[in-house]
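As provided, data.cif (mmCIF, C-alpha atoms) reads as follows.
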data_structure
#
loop_
_atom_site.label_atom_id
_atom_site.label_comp_id
_atom_site.auth_asym_id
_atom_site.auth_seq_id
_atom_site.Cartn_x
_atom_site.Cartn_y
_atom_site.Cartn_z
CA MET A 1 0.00 0.00 0.00
CA SER A 2 1.39 3.36 -0.93
CA ALA A 3 2.23 6.00 1.65
CA ALA A 4 -0.59 8.18 0.29
CA ASN A 5 -3.14 5.40 0.72
CA ILE A 6 -1.95 4.67 4.26
CA LEU A 7 -2.32 8.36 5.19
CA SER A 8 -5.81 8.48 3.71
CA LEU A 9 -6.85 5.38 5.68
CA GLN A 10 -5.48 6.83 8.93
CA ASN A 11 -7.46 10.03 8.40
CA ALA A 12 -10.64 8.06 7.77
CA LEU A 13 -10.18 5.98 10.95
CA THR A 14 -9.55 9.13 12.99
CA LEU A 15 -12.78 10.70 11.73
CA ALA A 16 -14.68 7.51 12.44
CA ARG A 17 -13.52 7.50 16.10
CA THR A 18 -14.41 11.16 16.63
CA PRO A 19 -17.85 11.53 18.25
CA ALA A 20 -20.35 13.28 16.02
CA ALA A 21 -20.98 16.87 16.98
CA GLN A 22 -24.25 17.16 18.82
CA PRO A 23 -26.68 19.81 17.58
CA VAL A 24 -26.86 22.84 19.88
CA PRO A 25 -30.42 23.42 20.98
CA ALA A 26 -31.74 26.70 19.60
CA THR A 27 -32.39 29.36 22.21
CA VAL A 28 -35.97 30.45 21.72
CA THR A 29 -36.72 33.94 22.97
CA PRO A 30 -40.45 34.23 23.48
CA LEU A 31 -42.10 37.18 21.85
CA PRO A 32 -43.28 39.77 24.35
CA SER A 33 -46.96 39.63 25.13
CA PRO A 34 -48.91 42.60 23.76
CA ASP A 35 -49.93 43.27 27.36
CA SER A 36 -46.30 43.51 28.52
CA GLU A 37 -44.90 45.85 25.89
CA PRO A 38 -44.30 49.38 27.21
CA LEU A 39 -46.80 52.05 26.21
CA TYR A 40 -45.85 55.73 26.35
CA PHE A 41 -47.90 58.90 26.26
CA ALA A 42 -46.26 59.68 22.88
CA ARG A 43 -44.25 57.60 20.41
CA PRO A 44 -43.13 59.58 17.31
CA SER A 45 -41.15 56.62 15.95
CA ALA A 46 -44.45 54.79 15.44
CA GLN A 47 -45.50 57.41 12.91
CA TYR A 48 -42.26 57.04 10.99
CA ARG A 49 -42.83 53.29 10.79
CA ALA A 50 -46.37 53.87 9.53
CA MET A 51 -45.24 56.31 6.81
CA HIS A 52 -41.66 55.21 6.20
CA GLY A 53 -42.07 54.58 2.47
CA GLU A 54 -43.32 58.10 1.76
CA ILE A 55 -40.91 59.71 4.21
CA ASP A 56 -37.87 57.86 2.87
CA ALA A 57 -38.79 58.88 -0.68
CA ALA A 58 -39.20 62.51 0.40
CA ILE A 59 -35.80 62.52 2.10
CA GLN A 60 -34.18 60.95 -0.95
CA SER A 61 -35.69 63.61 -3.19
CA VAL A 62 -33.94 66.30 -1.15
CA LEU A 63 -30.65 64.41 -1.11
CA ASP A 64 -30.86 64.02 -4.89
CA GLY A 65 -31.44 67.75 -5.32
CA HIS A 66 -29.02 70.63 -5.22
CA THR A 67 -30.48 73.00 -2.58
CA TYR A 68 -30.37 72.06 1.10
CA ILE A 69 -31.23 75.42 2.71
CA LEU A 70 -34.57 77.23 2.07
CA GLY A 71 -35.15 75.31 -1.14
CA GLU A 72 -38.22 74.01 -2.91
CA ALA A 73 -39.34 71.69 -0.12
CA VAL A 74 -39.55 74.63 2.31
CA LYS A 75 -41.41 76.80 -0.23
CA GLN A 76 -43.87 74.03 -1.01
CA PHE A 77 -44.49 73.19 2.64
CA GLU A 78 -45.05 76.87 3.48
CA ALA A 79 -47.59 77.19 0.67
CA GLU A 80 -49.36 73.96 1.60
CA PHE A 81 -49.50 74.76 5.31
CA ALA A 82 -50.86 78.25 4.63
CA ALA A 83 -53.55 76.76 2.40
CA TYR A 84 -54.39 74.10 4.99
CA THR A 85 -54.88 76.63 7.80
CA GLY A 86 -56.52 79.33 5.71
CA ALA A 87 -53.77 81.88 6.31
CA LYS A 88 -52.31 83.93 3.47
CA TYR A 89 -48.67 83.41 4.45
CA ALA A 90 -46.57 80.80 6.23
CA ILE A 91 -42.90 81.23 7.16
CA GLY A 92 -40.87 78.19 8.17
CA VAL A 93 -38.42 78.62 11.05
CA ALA A 94 -36.07 76.43 13.06
CA ASN A 95 -38.39 75.56 15.96
CA GLY A 96 -41.50 76.57 17.84
CA THR A 97 -39.66 78.78 20.33
CA ASP A 98 -38.20 80.80 17.46
CA ALA A 99 -41.66 81.02 15.92
CA LEU A 100 -42.90 82.87 19.01
CA HIS A 101 -39.73 84.91 19.44
CA LEU A 102 -39.70 86.16 15.84
CA ALA A 103 -43.45 86.82 15.93
CA LEU A 104 -42.99 89.14 18.90
CA ARG A 105 -40.10 90.96 17.21
CA ALA A 106 -42.04 91.24 13.95
CA LEU A 107 -44.68 93.20 15.88
CA GLY A 108 -42.08 95.47 17.47
CA ILE A 109 -42.44 93.97 20.95
CA GLY A 110 -39.29 94.06 23.07
CA ASP A 111 -37.52 95.82 25.91
CA GLY A 112 -39.84 97.43 28.45
CA ASP A 113 -42.96 95.72 27.07
CA GLU A 114 -45.15 93.17 28.84
CA VAL A 115 -46.80 90.12 27.32
CA ILE A 116 -49.60 88.37 29.20
CA THR A 117 -49.56 84.59 28.99
CA THR A 118 -50.18 81.44 31.02
CA ALA A 119 -47.86 79.73 33.50
CA HIS A 120 -49.50 76.40 32.63
CA THR A 121 -47.48 75.77 29.48
CA ALA A 122 -44.12 74.52 28.31
CA ILE A 123 -41.37 76.88 29.44
CA ALA A 124 -40.62 77.55 25.75
CA THR A 125 -43.54 80.01 25.67
CA VAL A 126 -41.92 82.07 28.40
CA ALA A 127 -38.42 81.70 26.96
CA ALA A 128 -39.57 83.20 23.66
CA ILE A 129 -40.99 86.28 25.41
CA GLU A 130 -37.74 86.78 27.29
CA MET A 131 -35.69 86.28 24.10
CA SER A 132 -37.56 89.24 22.60
CA GLY A 133 -36.59 91.41 25.57
CA ALA A 134 -40.17 91.66 26.83
CA THR A 135 -41.42 90.61 30.28
CA PRO A 136 -43.84 87.70 30.70
CA VAL A 137 -46.82 88.48 32.93
CA PHE A 138 -48.76 85.44 34.12
CA ALA A 139 -52.54 85.21 34.34
CA ASP A 140 -54.43 82.26 35.78
CA ILE A 141 -56.34 79.68 33.76
CA THR A 142 -59.93 78.44 33.79
CA ALA A 143 -60.79 75.09 35.34
CA ASP A 144 -62.51 73.77 32.23
CA ARG A 145 -60.22 74.62 29.29
CA TYR A 146 -56.95 74.93 31.25
CA THR A 147 -56.18 78.02 29.14
CA LEU A 148 -55.99 81.74 29.88
CA ASP A 149 -58.78 83.11 32.08
CA PRO A 150 -59.95 86.32 30.37
CA VAL A 151 -61.09 87.75 33.71
CA ASP A 152 -57.61 87.45 35.19
CA VAL A 153 -56.02 88.66 31.96
CA ALA A 154 -58.04 91.88 32.29
CA ARG A 155 -56.65 92.36 35.80
CA LYS A 156 -53.07 92.03 34.55
CA ILE A 157 -53.21 94.67 31.79
CA THR A 158 -50.99 97.71 32.44
CA PRO A 159 -49.79 100.62 30.29
CA ARG A 160 -46.77 98.47 29.39
CA THR A 161 -48.85 95.55 28.08
CA LYS A 162 -48.37 95.10 24.33
CA ALA A 163 -49.74 91.62 23.63
CA ILE A 164 -51.80 88.69 24.87
CA LEU A 165 -50.27 85.30 24.13
CA PRO A 166 -52.84 82.51 24.62
CA VAL A 167 -51.72 78.88 24.46
CA HIS A 168 -54.12 76.41 22.86
CA LEU A 169 -53.27 73.69 25.34
CA TYR A 170 -53.48 69.91 24.84
CA GLY A 171 -55.25 70.41 21.51
CA HIS A 172 -58.19 72.57 22.66
CA PRO A 173 -58.52 76.24 21.66
CA ALA A 174 -58.29 78.95 24.30
CA ASP A 175 -61.35 81.09 25.07
CA MET A 176 -60.60 83.48 22.24
CA GLY A 177 -63.77 85.59 22.12
CA PRO A 178 -63.22 87.53 25.38
CA LEU A 179 -59.47 87.70 24.73
CA LEU A 180 -60.03 89.30 21.34
CA GLU A 181 -62.43 91.80 22.93
CA LEU A 182 -59.84 92.73 25.56
CA ALA A 183 -57.17 93.11 22.89
CA ALA A 184 -59.37 95.37 20.78
CA ARG A 185 -60.35 97.50 23.76
CA HIS A 186 -56.75 98.01 24.90
CA LYS A 187 -55.14 98.03 21.43
CA LEU A 188 -53.11 94.89 22.09
CA GLU A 189 -51.73 92.31 19.68
CA VAL A 190 -52.83 88.68 19.92
CA ILE A 191 -50.19 86.05 19.17
CA GLU A 192 -51.40 82.45 19.33
CA ASP A 193 -49.20 79.63 20.62
CA CYS A 194 -50.52 76.70 18.58
CA ALA A 195 -47.75 74.23 19.40
CA GLN A 196 -50.24 71.62 20.65
CA ALA A 197 -53.19 72.40 18.44
CA HIS A 198 -52.53 71.82 14.73
CA ALA A 199 -55.94 71.64 13.00
CA ALA A 200 -57.91 72.63 16.12
CA GLU A 201 -60.83 74.96 15.46
CA TRP A 202 -62.41 77.84 17.31
CA HIS A 203 -65.89 78.47 15.88
CA ASN A 204 -64.88 76.97 12.51
CA HIS A 205 -61.65 79.00 12.35
CA GLN A 206 -58.39 77.11 12.56
CA VAL A 207 -56.20 78.18 15.44
CA GLY A 208 -53.39 80.43 14.30
CA THR A 209 -55.70 82.45 12.05
CA ILE A 210 -57.62 84.15 14.87
CA GLY A 211 -55.00 86.61 16.17
CA LYS A 212 -52.44 88.62 14.21
CA ILE A 213 -49.95 85.73 14.16
CA GLY A 214 -50.11 81.99 14.81
CA CYS A 215 -47.00 80.10 15.93
CA PHE A 216 -46.54 76.36 15.60
CA SER A 217 -43.93 74.00 16.93
CA LEU A 218 -43.29 71.03 14.65
CA TYR A 219 -41.36 69.08 17.28
CA PRO A 220 -41.47 65.29 16.74
CA THR A 221 -44.23 64.61 19.30
CA LYS A 222 -46.61 67.25 17.93
CA ASN A 223 -49.75 66.43 15.94
CA LEU A 224 -47.77 67.57 12.91
CA GLY A 225 -44.20 66.71 13.82
CA ALA A 226 -40.87 66.65 12.05
CA ILE A 227 -38.09 64.14 12.74
CA GLY A 228 -36.10 66.80 14.53
CA ASP A 229 -36.72 70.45 15.37
CA ALA A 230 -38.91 72.66 13.17
CA GLY A 231 -41.46 75.46 13.45
CA ILE A 232 -43.70 77.66 11.33
CA VAL A 233 -45.47 81.00 11.66
CA ILE A 234 -48.69 81.98 9.87
CA THR A 235 -50.29 85.37 9.29
CA SER A 236 -52.52 87.11 6.78
CA ASP A 237 -50.70 90.43 7.18
CA GLU A 238 -48.30 90.91 4.26
CA ALA A 239 -46.05 93.38 6.08
CA VAL A 240 -45.71 91.06 9.06
CA ALA A 241 -44.92 88.12 6.78
CA ASP A 242 -42.19 90.14 5.05
CA LYS A 243 -40.69 91.13 8.41
CA LEU A 244 -40.69 87.51 9.55
CA ARG A 245 -38.81 86.41 6.44
CA LEU A 246 -36.18 89.06 7.09
CA LEU A 247 -35.85 88.14 10.75
CA ARG A 248 -35.36 84.43 10.14
CA GLN A 249 -32.24 84.94 8.01
CA TYR A 250 -29.98 87.82 9.08
CA GLY A 251 -32.34 90.50 7.77
CA TRP A 252 -31.67 89.38 4.19
CA ARG A 253 -33.98 89.89 1.27
CA ASP A 254 -31.06 89.57 -1.11
CA ARG A 255 -28.24 87.28 -0.07
CA GLN A 256 -25.51 88.84 2.09
CA LEU A 257 -27.24 92.21 2.42
CA SER A 258 -28.84 92.75 5.83
CA LEU A 259 -31.68 95.26 5.72
CA ILE A 260 -32.39 94.85 9.45
CA SER A 261 -30.76 92.95 12.30
CA GLY A 262 -31.92 89.37 12.10
CA PHE A 263 -31.25 85.83 13.25
CA ASN A 264 -30.51 82.39 11.87
CA SER A 265 -33.75 80.43 12.21
CA ARG A 266 -34.37 78.50 9.01
CA LEU A 267 -36.63 75.52 8.53
CA ASP A 268 -34.45 72.63 7.36
CA GLU A 269 -35.08 71.38 3.83
CA LEU A 270 -35.14 67.71 4.91
CA GLN A 271 -37.64 68.45 7.68
CA ALA A 272 -39.85 70.39 5.26
CA ALA A 273 -39.93 67.39 2.93
CA ILE A 274 -40.93 65.11 5.82
CA LEU A 275 -43.58 67.57 6.98
CA ARG A 276 -45.13 67.72 3.51
CA VAL A 277 -45.74 63.97 3.76
CA LYS A 278 -47.21 64.21 7.24
CA LEU A 279 -49.41 67.20 6.37
CA ARG A 280 -51.14 65.07 3.74
CA HIS A 281 -52.13 62.67 6.54
CA LEU A 282 -53.04 65.25 9.18
CA ASP A 283 -56.80 64.96 8.77
CA GLU A 284 -56.72 61.18 9.18
CA THR A 285 -54.33 61.24 12.13
CA THR A 286 -56.48 63.91 13.81
CA ALA A 287 -59.56 61.77 13.29
CA ARG A 288 -57.78 58.81 14.87
CA ARG A 289 -56.76 60.91 17.89
CA ARG A 290 -60.39 61.95 18.36
CA GLN A 291 -61.50 58.33 17.99
CA ILE A 292 -59.09 57.22 20.73
CA ALA A 293 -60.18 60.10 22.97
CA ARG A 294 -63.82 59.13 22.48
CA ALA A 295 -63.03 55.53 23.46
CA TYR A 296 -61.28 56.70 26.62
CA SER A 297 -64.03 59.13 27.59
CA GLU A 298 -66.83 56.60 27.05
CA ALA A 299 -64.95 54.03 29.12
CA PHE A 300 -64.21 56.42 32.01
CA VAL A 301 -67.51 58.29 32.20
CA ASP A 302 -68.54 56.53 35.43
CA LEU A 303 -65.17 57.00 37.16
CA PRO A 304 -64.29 59.87 39.54
CA LEU A 305 -62.21 61.64 36.89
CA THR A 306 -62.42 65.01 35.16
CA LEU A 307 -62.19 64.24 31.44
CA PRO A 308 -61.32 66.45 28.45
CA ARG A 309 -64.04 67.44 25.96
CA ASP A 310 -64.98 69.82 23.18
CA ILE A 311 -66.23 73.06 24.76
CA ASP A 312 -68.64 75.55 23.17
CA GLY A 313 -68.47 74.04 19.69
CA ASN A 314 -64.66 74.06 19.48
CA LEU A 315 -62.75 71.21 17.87
CA HIS A 316 -60.33 69.46 20.23
CA VAL A 317 -57.51 67.63 18.38
CA TYR A 318 -56.14 65.77 21.42
CA HIS A 319 -52.45 66.40 21.22
CA LEU A 320 -52.67 64.98 24.72
CA TYR A 321 -55.48 63.20 26.54
CA VAL A 322 -55.25 64.79 29.97
CA LEU A 323 -57.48 63.63 32.76
CA ARG A 324 -57.66 65.11 36.23
CA THR A 325 -57.74 63.33 39.60
CA PRO A 326 -56.61 64.07 43.18
CA GLN A 327 -55.16 60.51 43.11
CA ARG A 328 -52.78 61.37 40.27
CA GLU A 329 -49.60 59.91 41.78
CA ALA A 330 -51.24 56.65 42.82
CA LEU A 331 -52.89 56.20 39.42
CA LYS A 332 -49.64 57.00 37.62
CA ALA A 333 -47.80 54.39 39.71
CA HIS A 334 -50.55 51.83 39.09
CA LEU A 335 -50.25 52.33 35.34
CA ALA A 336 -46.45 52.17 35.47
CA GLY A 337 -46.80 48.81 37.22
CA GLN A 338 -48.54 47.59 34.06
CA ASN A 339 -45.84 49.10 31.83
CA ILE A 340 -48.05 52.03 30.80
CA HIS A 341 -46.08 55.25 31.14
CA ALA A 342 -48.32 58.27 31.56
CA GLY A 343 -46.96 61.83 31.49
CA ILE A 344 -47.56 65.05 33.40
CA HIS A 345 -47.98 68.27 31.40
CA TYR A 346 -46.88 70.17 33.43
CA PRO A 347 -45.82 69.25 36.96
CA ILE A 348 -44.31 72.65 37.82
CA PRO A 349 -46.00 75.85 36.60
CA CYS A 350 -43.63 78.28 34.90
CA HIS A 351 -43.83 80.86 37.69
CA LYS A 352 -42.51 78.21 40.11
CA HIS A 353 -39.40 77.39 38.06
CA PRO A 354 -36.19 78.49 39.79
CA ALA A 355 -35.40 80.89 36.95
CA LEU A 356 -38.63 82.80 37.60
CA ALA A 357 -39.50 82.01 41.22
CA GLU A 358 -37.84 85.05 42.78
CA ARG A 359 -39.58 87.62 40.60
CA CYS A 360 -42.90 85.72 40.96
CA ALA A 361 -42.57 85.10 44.70
CA THR A 362 -45.84 86.86 45.58
CA LEU A 363 -47.80 85.68 42.53
CA ALA A 364 -50.81 83.48 43.26
CA LEU A 365 -52.35 81.42 40.45
CA PRO A 366 -54.68 79.10 42.38
CA VAL A 367 -56.24 77.19 39.49
CA THR A 368 -52.89 76.69 37.79
CA GLU A 369 -51.26 75.45 40.99
CA GLN A 370 -54.06 73.05 41.89
CA LEU A 371 -54.17 71.64 38.38
CA ALA A 372 -50.44 70.91 38.34
CA ASP A 373 -50.95 68.41 41.17
CA GLN A 374 -53.85 66.57 39.52
CA ILE A 375 -53.29 66.18 35.77
CA LEU A 376 -52.18 63.00 34.00
CA SER A 377 -51.58 62.40 30.28
CA LEU A 378 -52.59 58.96 29.00
CA PRO A 379 -51.03 57.38 25.90
CA MET A 380 -52.28 59.33 22.88
CA TYR A 381 -50.94 58.98 19.35
CA PRO A 382 -52.64 57.90 16.12
CA GLU A 383 -50.68 54.67 15.75
CA LEU A 384 -52.04 53.16 18.97
CA THR A 385 -53.90 49.98 18.08
CA ASP A 386 -57.41 49.27 19.31
CA GLY A 387 -55.90 46.55 21.50
CA GLN A 388 -53.46 49.00 23.08
CA VAL A 389 -56.26 51.49 23.72
CA GLU A 390 -58.29 48.75 25.37
CA ARG A 391 -55.27 47.84 27.50
CA VAL A 392 -55.02 51.43 28.78
CA ILE A 393 -58.74 51.44 29.51
CA ARG A 394 -58.52 48.18 31.49
CA ALA A 395 -55.56 49.47 33.46
CA VAL A 396 -57.26 52.73 34.44
CA ARG A 397 -60.51 51.00 35.36
CA SER A 398 -58.68 48.37 37.40
CA PHE A 399 -57.29 51.12 39.62
CA TYR A 400 -60.82 52.00 40.71
CA THR A 401 -62.21 48.46 40.91
CA ALA A 402 -59.31 46.70 42.66
#
Take the structure in this file and express it as structure tokens.
Amino acid sequence: MSAANILSLQNALTLARTPAAQPVPATVTPLPSPDSEPLYFARPSAQYRAMHGEIDAAIQSVLDGHTYILGEAVKQFEAEFAAYTGAKYAIGVANGTDALHLALRALGIGDGDEVITTAHTAIATVAAIEMSGATPVFADITADRYTLDPVDVARKITPRTKAILPVHLYGHPADMGPLLELAARHKLEVIEDCAQAHAAEWHNHQVGTIGKIGCFSLYPTKNLGAIGDAGIVITSDEAVADKLRLLRQYGWRDRQLSLISGFNSRLDELQAAILRVKLRHLDETTARRRQIARAYSEAFVDLPLTLPRDIDGNLHVYHLYVLRTPQREALKAHLAGQNIHAGIHYPIPCHKHPALAERCATLALPVTEQLADQILSLPMYPELTDGQVERVIRAVRSFYTA
């Protein structure tokens, strides 16, 4: 037998003596139960997943183009948003805070002026007033709408007051009729903070078109939200619109020639493309929010809770579904125990923030302060499934029936 044959035989015998490798059992990770998955009060990534084909195509169209700053996507979104709201002009800016800040400056409001607003809001509202150089003056809210109380607003007007800045909170319009009357009587501007109220209506008028200027945040969690920061301002006053365009980009009308002192607050071209997609779906996502809110309200009607609702023929768009209970902390903990993560909007009123507490030390806002201890935001976004909505309902009801 040749050496090669002997070697081949030895190799074969060695393999024959070697125990066969045993298959390794597969590790099976069970899928999470639908009742164990975390639910949050907002989930903007769910909307991307629902619209990813359209959004990805919109992003690619910008990347394939040649203009990445204030290009066609921004122009088209501005035109489409103006048409949607019924305003004549829309000016895209970098974020909702800038929308308010530039609106105030466009109306000549600044150092030495006072702007009356609510302390029951995101601190961005107050920050924008301070960025303009003006002083925020806080009025209390009403116990039904959670928005500016016109009676307290009237008490806060002084010779230095230049504007009223109502916030359309949680998706419900503020009580605009009396506020407009006060503004007309005292020759004040009305600037609407619409950050939580895209498509909401006050007596068949979309919010943002009621005062001189409407300001919208397009933050990812908003009813119309970008995938990043964005904002937009609407008005039907041509001179104001022109001033806003100057202010958002260094005071330029022609490139590199500043006509006035301005800022850098431009709506990003990629975000504008994304927002054009989402604007096309805004009516359907608003309808779904209202459907979820109706399911919650019908399920909780017999519980000791104060529930949100449409008031005086206004259209609530349920940016948040905020209920009210003296047992807020216990209910929140109960929901968290079932992996349902409710929010609080807002736990500390603006006048109680450390940055403002000293100057507001003697300010009493009783409704605002009581509300801050009792409000709770349940999961609310259009992509919630019926099963997830039912899970929230069961969890809330079980708190009261345990």
Residues of region 71-170 of chain A that approach region 272-282 of chain A to 10 Å or less, counting all atoms listed in the file: could you list each one with the shortest pair of atoms and its distance in Å to one decimal, rows by chain and increasing residue number, as a Markdown table?
| residue | atom | partner | partner_atom | distance |
| --- | --- | --- | --- | --- |
| A:Gly71 | CA | A:Ala272 | CA | 9.3 |
| A:Glu72 | CA | A:Ala273 | CA | 9.0 |
| A:Ala73 | CA | A:Ala273 | CA | 5.3 |
| A:Val74 | CA | A:Ala272 | CA | 5.2 |
| A:Lys75 | CA | A:Ala272 | CA | 8.6 |
| A:Gln76 | CA | A:Arg276 | CA | 7.9 |
| A:Phe77 | CA | A:Arg276 | CA | 5.6 |
| A:Glu78 | CA | A:Ala272 | CA | 8.5 |
| A:Glu80 | CA | A:Arg276 | CA | 7.8 |
| A:Phe81 | CA | A:Leu279 | CA | 7.6 |
| A:Tyr84 | CA | A:Leu279 | CA | 8.6 |
| A:Gly92 | CA | A:Ala272 | CA | 8.4 |
The residues within 12 Å of (-64.5, 56.6, 26.2), using only C-alpha atoms and the coordinates of the file, should be reported as an NGL selection string; which are they? :A and (290-303 or 307-309 or 321 or 323 or 389-390 or 392-394 or 396-397)
Please produce an output containing C-alpha atoms for each residue in the selection, written as an mmCIF file, in the frame of the given file.
data_model
loop_
_atom_site.group_PDB
_atom_site.id
_atom_site.type_symbol
_atom_site.label_atom_id
_atom_site.label_comp_id
_atom_site.auth_asym_id
_atom_site.auth_seq_id
_atom_site.Cartn_x
_atom_site.Cartn_y
_atom_site.Cartn_z
ATOM 1 C CA ARG A 290 -60.390 61.950 18.360
ATOM 2 C CA GLN A 291 -61.500 58.330 17.990
ATOM 3 C CA ILE A 292 -59.090 57.220 20.730
ATOM 4 C CA ALA A 293 -60.180 60.100 22.970
ATOM 5 C CA ARG A 294 -63.820 59.130 22.480
ATOM 6 C CA ALA A 295 -63.030 55.530 23.460
ATOM 7 C CA TYR A 296 -61.280 56.700 26.620
ATOM 8 C CA SER A 297 -64.030 59.130 27.590
ATOM 9 C CA GLU A 298 -66.830 56.600 27.050
ATOM 10 C CA ALA A 299 -64.950 54.030 29.120
ATOM 11 C CA PHE A 300 -64.210 56.420 32.010
ATOM 12 C CA VAL A 301 -67.510 58.290 32.200
ATOM 13 C CA ASP A 302 -68.540 56.530 35.430
ATOM 14 C CA LEU A 303 -65.170 57.000 37.160
ATOM 15 C CA LEU A 307 -62.190 64.240 31.440
ATOM 16 C CA PRO A 308 -61.320 66.450 28.450
ATOM 17 C CA ARG A 309 -64.040 67.440 25.960
ATOM 18 C CA TYR A 321 -55.480 63.200 26.540
ATOM 19 C CA LEU A 323 -57.480 63.630 32.760
ATOM 20 C CA VAL A 389 -56.260 51.490 23.720
ATOM 21 C CA GLU A 390 -58.290 48.750 25.370
ATOM 22 C CA VAL A 392 -55.020 51.430 28.780
ATOM 23 C CA ILE A 393 -58.740 51.440 29.510
ATOM 24 C CA ARG A 394 -58.520 48.180 31.490
ATOM 25 C CA VAL A 396 -57.260 52.730 34.440
ATOM 26 C CA ARG A 397 -60.510 51.000 35.360
#
Counting all atoms listed in the file, the residue among A:Thr325, A:Leu320, A:His66, A:Cys360 that lies closest to Lys222 (chain A) is A:Leu320
Given the PyMOL selection byres ((chain A and resi 58) around 9) and the file above, list the residues it selects as a list in words.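 That selection, the PyMOL selection byres ((chain A and resi 58) around 9), comes back as Gly53, Glu54, Ile55, Asp56, Ala57, Ile59, Gln60, Ser61, Val62, Leu63, Leu270, Ala273, Ile274, Arg276 and Val277 of chain A.
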Within 12 Å of region 363-374 of chain A, counting only C-alpha atoms, which residues show up once you throw out same-chain ones fewer than 3 positions away? Write them as a VMD selection string, please. chain A and resid 118 to 121 137 to 149 152 to 153 156 305 to 307 322 to 332 343 to 352 356 to 360 377
Can you give me, as a PyMOL selection string, the residues this file yields under the PyMOL selection byres ((chain A and resi 162-169) around 9)? chain A and resi 104+109+113-118+120-121+125+145-148+153+157-161+170-176+179-180+183+186-197+200+207+319-320
Let's have the selection written as a JSON list (two decimals), in the coordinates of the input, with C-alpha atoms.
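Contents of the output file selection16.json:
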[["chain", "number", "residue", "atom", "x", "y", "z"],
["A", 104, "LEU", "CA", -42.99, 89.14, 18.90],
["A", 109, "ILE", "CA", -42.44, 93.97, 20.95],
["A", 113, "ASP", "CA", -42.96, 95.72, 27.07],
["A", 114, "GLU", "CA", -45.15, 93.17, 28.84],
["A", 115, "VAL", "CA", -46.80, 90.12, 27.32],
["A", 116, "ILE", "CA", -49.60, 88.37, 29.20],
["A", 117, "THR", "CA", -49.56, 84.59, 28.99],
["A", 118, "THR", "CA", -50.18, 81.44, 31.02],
["A", 120, "HIS", "CA", -49.50, 76.40, 32.63],
["A", 121, "THR", "CA", -47.48, 75.77, 29.48],
["A", 125, "THR", "CA", -43.54, 80.01, 25.67],
["A", 145, "ARG", "CA", -60.22, 74.62, 29.29],
["A", 146, "TYR", "CA", -56.95, 74.93, 31.25],
["A", 147, "THR", "CA", -56.18, 78.02, 29.14],
["A", 148, "LEU", "CA", -55.99, 81.74, 29.88],
["A", 153, "VAL", "CA", -56.02, 88.66, 31.96],
["A", 157, "ILE", "CA", -53.21, 94.67, 31.79],
["A", 158, "THR", "CA", -50.99, 97.71, 32.44],
["A", 159, "PRO", "CA", -49.79, 100.62, 30.29],
["A", 160, "ARG", "CA", -46.77, 98.47, 29.39],
["A", 161, "THR", "CA", -48.85, 95.55, 28.08],
["A", 170, "TYR", "CA", -53.48, 69.91, 24.84],
["A", 171, "GLY", "CA", -55.25, 70.41, 21.51],
["A", 172, "HIS", "CA", -58.19, 72.57, 22.66],
["A", 173, "PRO", "CA", -58.52, 76.24, 21.66],
["A", 174, "ALA", "CA", -58.29, 78.95, 24.30],
["A", 175, "ASP", "CA", -61.35, 81.09, 25.07],
["A", 176, "MET", "CA", -60.60, 83.48, 22.24],
["A", 179, "LEU", "CA", -59.47, 87.70, 24.73],
["A", 180, "LEU", "CA", -60.03, 89.30, 21.34],
["A", 183, "ALA", "CA", -57.17, 93.11, 22.89],
["A", 186, "HIS", "CA", -56.75, 98.01, 24.90],
["A", 187, "LYS", "CA", -55.14, 98.03, 21.43],
["A", 188, "LEU", "CA", -53.11, 94.89, 22.09],
["A", 189, "GLU", "CA", -51.73, 92.31, 19.68],
["A", 190, "VAL", "CA", -52.83, 88.68, 19.92],
["A", 191, "ILE", "CA", -50.19, 86.05, 19.17],
["A", 192, "GLU", "CA", -51.40, 82.45, 19.33],
["A", 193, "ASP", "CA", -49.20, 79.63, 20.62],
["A", 194, "CYS", "CA", -50.52, 76.70, 18.58],
["A", 195, "ALA", "CA", -47.75, 74.23, 19.40],
["A", 196, "GLN", "CA", -50.24, 71.62, 20.65],
["A", 197, "ALA", "CA", -53.19, 72.40, 18.44],
["A", 200, "ALA", "CA", -57.91, 72.63, 16.12],
["A", 207, "VAL", "CA", -56.20, 78.18, 15.44],
["A", 319, "HIS", "CA", -52.45, 66.40, 21.22],
["A", 320, "LEU", "CA", -52.67, 64.98, 24.72]]
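The gap separating CA of Ala42 (chain A) from CA of His341 (chain A) is 9.4 Å, in Å to one decimal.
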Among listed residues A:Thr235, A:Asn264, A:Asn223, A:Ser45, nearest Val93 (chain A) (using only C-alpha atoms):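 Once distances to Val93 (chain A) are computed over only C-alpha atoms, the minimum belongs to A:Asn264.
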With C-alpha atoms as the atom set, please write region 123-135 of chain A from the structure just given, as a PDB file, in the first residue's frame.
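The new file result09.pdb reads:
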ATOM      1  CA  ILE A 123     -41.367  76.880  29.435  1.00  0.00           C
ATOM      2  CA  ALA A 124     -40.619  77.552  25.749  1.00  0.00           C
ATOM      3  CA  THR A 125     -43.536  80.007  25.668  1.00  0.00           C
ATOM      4  CA  VAL A 126     -41.915  82.072  28.400  1.00  0.00           C
ATOM      5  CA  ALA A 127     -38.417  81.703  26.956  1.00  0.00           C
ATOM      6  CA  ALA A 128     -39.574  83.201  23.658  1.00  0.00           C
ATOM      7  CA  ILE A 129     -40.985  86.275  25.409  1.00  0.00           C
ATOM      8  CA  GLU A 130     -37.742  86.778  27.288  1.00  0.00           C
ATOM      9  CA  MET A 131     -35.692  86.281  24.096  1.00  0.00           C
ATOM     10  CA  SER A 132     -37.557  89.242  22.602  1.00  0.00           C
ATOM     11  CA  GLY A 133     -36.589  91.412  25.574  1.00  0.00           C
ATOM     12  CA  ALA A 134     -40.169  91.665  26.830  1.00  0.00           C
ATOM     13  CA  THR A 135     -41.422  90.612  30.279  1.00  0.00           C
TER      14      THR A 135
END
